$ cat structure_13.txt   # compact mmCIF, C-alpha atoms
# COMPACT_ATOMS: atom_id res chain seq x y z
CA MET A 1 0.00 0.00 0.00
CA SER A 2 1.41 3.42 -0.95
CA ILE A 3 1.59 6.27 1.56
CA GLY A 4 -1.21 8.04 -0.28
CA GLU A 5 -3.40 4.93 -0.19
CA MET A 6 -2.62 4.45 3.50
CA LEU A 7 -3.54 8.06 4.34
CA ALA A 8 -6.73 7.86 2.31
CA ALA A 9 -7.63 4.63 4.12
CA THR A 10 -6.81 5.83 7.65
CA VAL A 11 -7.57 9.57 7.64
CA PRO A 12 -11.30 10.17 7.22
CA MET A 13 -10.89 13.84 6.21
CA ALA A 14 -8.60 12.85 3.32
CA ARG A 15 -11.33 10.52 2.06
CA THR A 16 -14.10 13.05 2.69
CA LEU A 17 -12.36 15.69 0.57
CA ASN A 18 -11.35 13.12 -2.09
CA LEU A 19 -7.72 14.18 -1.84
CA GLU A 20 -5.49 12.72 -4.54
CA PHE A 21 -1.94 11.81 -3.49
CA LEU A 22 -0.01 12.43 -6.71
CA GLU A 23 3.56 12.09 -5.44
CA THR A 24 4.94 11.00 -2.10
CA SER A 25 8.67 10.78 -1.48
CA PRO A 26 11.08 11.85 1.27
CA GLU A 27 11.92 14.87 -0.92
CA ARG A 28 8.40 16.13 -1.59
CA ALA A 29 4.72 15.28 -1.47
CA VAL A 30 2.15 16.55 -3.94
CA VAL A 31 -1.54 16.29 -3.09
CA SER A 32 -4.50 17.60 -5.08
CA LEU A 33 -7.93 18.81 -3.98
CA PRO A 34 -10.40 18.39 -6.85
CA ASP A 35 -12.88 21.17 -7.61
CA GLN A 36 -15.99 20.10 -5.66
CA GLY A 37 -18.96 22.41 -5.16
CA GLU A 38 -19.82 20.97 -1.74
CA TYR A 39 -16.46 22.28 -0.43
CA HIS A 40 -16.66 25.78 -1.96
CA ASN A 41 -16.66 29.02 -0.02
CA HIS A 42 -18.84 32.08 -0.55
CA VAL A 43 -16.89 33.17 -3.69
CA GLY A 44 -16.98 29.78 -5.43
CA GLY A 45 -13.47 28.51 -4.69
CA PRO A 46 -12.24 25.86 -2.28
CA HIS A 47 -13.08 26.65 1.34
CA ALA A 48 -10.18 27.77 3.54
CA GLY A 49 -10.69 24.75 5.78
CA ALA A 50 -10.44 22.40 2.82
CA MET A 51 -7.21 24.08 1.70
CA PHE A 52 -5.82 23.80 5.25
CA THR A 53 -6.64 20.08 5.26
CA LEU A 54 -5.02 19.73 1.83
CA GLY A 55 -1.78 21.35 3.06
CA GLU A 56 -1.71 19.45 6.34
CA SER A 57 -2.29 16.19 4.48
CA ALA A 58 0.61 16.92 2.11
CA SER A 59 2.81 17.64 5.13
CA GLY A 60 1.78 14.35 6.75
CA ALA A 61 2.55 12.46 3.55
CA ILE A 62 6.11 13.75 3.36
CA VAL A 63 6.64 13.08 7.07
CA LEU A 64 5.58 9.46 6.59
CA ALA A 65 7.76 9.13 3.50
CA ALA A 66 10.81 10.62 5.23
CA PHE A 67 10.38 9.00 8.65
CA GLY A 68 8.26 5.89 8.08
CA ASP A 69 11.23 3.74 9.06
CA GLN A 70 11.17 5.38 12.52
CA LEU A 71 7.55 4.48 13.36
CA SER A 72 8.57 1.56 15.55
CA ARG A 73 10.23 3.99 17.98
CA ALA A 74 8.46 7.33 17.49
CA VAL A 75 5.07 8.77 16.61
CA PRO A 76 4.90 11.72 14.21
CA LEU A 77 2.66 14.51 15.53
CA ALA A 78 1.81 17.95 14.20
CA VAL A 79 2.79 20.57 16.80
CA SER A 80 1.54 23.75 15.14
CA ALA A 81 0.50 25.11 11.78
CA GLU A 82 0.31 28.49 10.09
CA ILE A 83 -1.31 29.31 6.76
CA SER A 84 -1.41 32.45 4.63
CA TYR A 85 -3.95 32.86 1.86
CA LYS A 86 -2.22 34.82 -0.93
CA LYS A 87 -4.58 34.82 -3.92
CA LEU A 88 -8.07 33.69 -4.74
CA ALA A 89 -8.12 29.95 -5.30
CA MET A 90 -10.53 28.71 -7.95
CA GLY A 91 -10.92 25.22 -9.34
CA ALA A 92 -8.68 22.35 -8.31
CA VAL A 93 -5.69 23.22 -6.12
CA THR A 94 -2.50 21.31 -5.45
CA ALA A 95 -0.28 21.35 -2.37
CA THR A 96 3.45 20.64 -2.61
CA ALA A 97 5.21 19.90 0.69
CA THR A 98 8.96 19.92 1.40
CA LEU A 99 10.94 19.20 4.56
CA GLY A 100 12.54 22.24 6.15
CA ARG A 101 15.43 20.26 7.68
CA PRO A 102 17.44 17.30 6.42
CA ALA A 103 15.84 14.06 7.61
CA ALA A 104 19.23 12.80 8.81
CA GLU A 105 19.46 15.71 11.29
CA VAL A 106 16.02 14.90 12.68
CA VAL A 107 16.86 11.20 13.06
CA ALA A 108 20.19 12.10 14.74
CA GLN A 109 18.27 14.09 17.37
CA LEU A 110 15.96 11.13 17.89
CA ASP A 111 19.04 8.88 18.23
CA ASP A 112 20.34 11.24 20.93
CA GLY A 113 17.15 10.71 22.94
CA GLU A 114 15.65 14.08 22.02
CA ARG A 115 12.19 14.89 20.70
CA PRO A 116 13.04 16.63 17.44
CA GLU A 117 10.87 19.29 15.84
CA PHE A 118 11.07 20.22 12.19
CA PRO A 119 9.12 22.36 9.75
CA VAL A 120 7.37 21.26 6.60
CA THR A 121 6.62 24.03 4.12
CA ILE A 122 3.72 23.78 1.73
CA ALA A 123 2.82 25.80 -1.36
CA ILE A 124 -0.79 25.63 -2.53
CA GLN A 125 -1.29 26.39 -6.22
CA ARG A 126 -4.07 26.79 -8.76
CA ALA A 127 -3.92 24.95 -12.09
CA ASP A 128 -2.36 28.06 -13.71
CA GLY A 129 0.59 27.79 -11.28
CA ALA A 130 -0.31 30.82 -9.16
CA VAL A 131 0.47 30.29 -5.47
CA THR A 132 -2.77 30.82 -3.60
CA GLY A 133 -1.53 29.83 -0.16
CA GLU A 134 1.59 29.15 1.85
CA MET A 135 1.65 26.98 4.93
CA THR A 136 4.13 25.73 7.50
CA VAL A 137 3.44 22.79 9.77
CA ILE A 138 5.84 22.08 12.63
CA TRP A 139 6.08 18.34 13.28
CA THR A 140 7.73 16.33 16.00
CA LEU A 141 8.75 12.70 16.36
CA ARG A 142 7.61 11.78 19.86
CA PRO A 143 9.68 8.85 21.13
CA ASN A 144 7.66 5.85 22.27
CA ALA A 145 7.72 5.23 26.01

$ encode --input "structure_13.txt" --output "structure tokens"
Amino acid sequence: MSIGEMLAATVPMARTLNLEFLETSPERAVVSLPDQGEYHNHVGGPHAGAMFTLGESASGAIVLAAFGDQLSRAVPLAVSAEISYKKLAMGAVTATATLGRPAAEVVAQLDDGERPEFPVTIAIQRADGAVTGEMTVIWTLRPNA
């Protein structure tokens, strides 16, 4: 099962919004939110909450791709998130997530008995390539007891 399939199967909001996991690797994750009228806002574009879920889901996908081999000893958890809406989003939108720190640094902190935190940055774009939103999610790997 791919990371995208796993997230769609285990995260009800990803299924509800019909998110499409287009690419999932330790280097980047790309997730699409189809244009769906039931998730539009008052101006006919995707609702801010749907775009937040899209970005957070892309960040979770890259975290699983980068740190999936650490799941036996740590649980990935989102610590905080910030989003900025830059331009009007209309139609389908796509979120591209990238790690803000090298994965090896994060794992080294975990190896040292620490609870590492690291940012994931996300760009949300319309089909024409315009960036409609920017998001940062701070994640941690909480060591198992």

$ residues_around --input "structure_13.txt" --residues "Gly44 of chain A" --least-positions-apart "6" --cutoff "10 Å" --atoms "all atoms listed in the file" --output "list of chain:residue names"
A:Asp35, A:Gln36, A:Gly37, A:Glu38, A:Leu88, A:Ala89, A:Met90, A:Gly91

$ write_last_selection --input "structure_13.txt" --atoms "C-alpha atoms" --output "PDB file, in the frame of the given file"
ATOM      1  CA  ASP A  35     -12.880  21.170  -7.610  1.00  0.00           C
ATOM      2  CA  GLN A  36     -15.990  20.100  -5.660  1.00  0.00           C
ATOM      3  CA  GLY A  37     -18.960  22.410  -5.160  1.00  0.00           C
ATOM      4  CA  GLU A  38     -19.820  20.970  -1.740  1.00  0.00           C
ATOM      5  CA  LEU A  88      -8.070  33.690  -4.740  1.00  0.00           C
ATOM      6  CA  ALA A  89      -8.120  29.950  -5.300  1.00  0.00           C
ATOM      7  CA  MET A  90     -10.530  28.710  -7.950  1.00  0.00           C
ATOM      8  CA  GLY A  91     -10.920  25.220  -9.340  1.00  0.00           C
TER       9      GLY A  91
END

$ residues_around --input "structure_13.txt" --residues "Pro102 of chain A" --least-positions-apart "5" --cutoff "12 Å" --atoms "only C-alpha atoms" --output "list of chain:residue names"
A:Pro26, A:Glu27, A:Val63, A:Ala66, A:Phe67, A:Val107, A:Ala108, A:Gln109, A:Pro116, A:Glu117, A:Phe118, A:Pro119, A:Val120

$ closest_residue --input "structure_13.txt" --among "A:Thr10, A:Ser80, A:Ser57, A:Ser72" --to "Ile124 of chain A" --atoms "all atoms listed in the file"
A:Ser57

$ closest_residue --input "structure_13.txt" --among "A:Gln125, A:Gln70, A:Ser59, A:Thr98" --to "Trp139 of chain A" --atoms "all atoms listed in the file"
A:Ser59

$ closest_residue --input "structure_13.txt" --among "A:Ser25, A:Gly49, A:Thr96, A:Ser32" --to "Gly68 of chain A" --atoms "only C-alpha atoms"
A:Ser25

$ residues_around --input "structure_13.txt" --residues "Ser84 of chain A" --least-positions-apart "3" --cutoff "12 Å" --atoms "all atoms listed in the file" --output "list in words"
Ala48, Met51, Phe52, Gly55, Ala81, Lys87, Leu88, Thr121, Ile122, Ala123, Ile124, Val131, Thr132, Gly133, Glu134, Met135, Thr136 and Val137 of chain A

$ atom_distance --input "structure_13.txt" --atom1 "atom CA of Ala29 of chain A" --atom2 "atom CA of Thr16 of chain A"
19.4 Å

$ closest_residue --input "structure_13.txt" --among "A:Leu99, A:Val93, A:Val75, A:Val106" --to "Thr53 of chain A" --atoms "only C-alpha atoms"
A:Val93

$ atom_distance --input "structure_13.txt" --atom1 "atom CA of Tyr85 of chain A" --atom2 "atom CA of Phe21 of chain A"
21.8 Å

$ closest_residue --input "structure_13.txt" --among "A:Ala127, A:Ala104, A:Val79, A:Leu64" --to "Thr140 of chain A" --atoms "only C-alpha atoms"
A:Val79

$ axis_aligned_box --input "structure_13.txt" --around "segment 50-69 of chain A" --padding-each-side "8 Å" --output "AutoDock Vina command-line options"
--center_x 0.4 --center_y 13.9 --center_z 5.4 --size_x 37.7 --size_y 36.3 --size_z 23.4
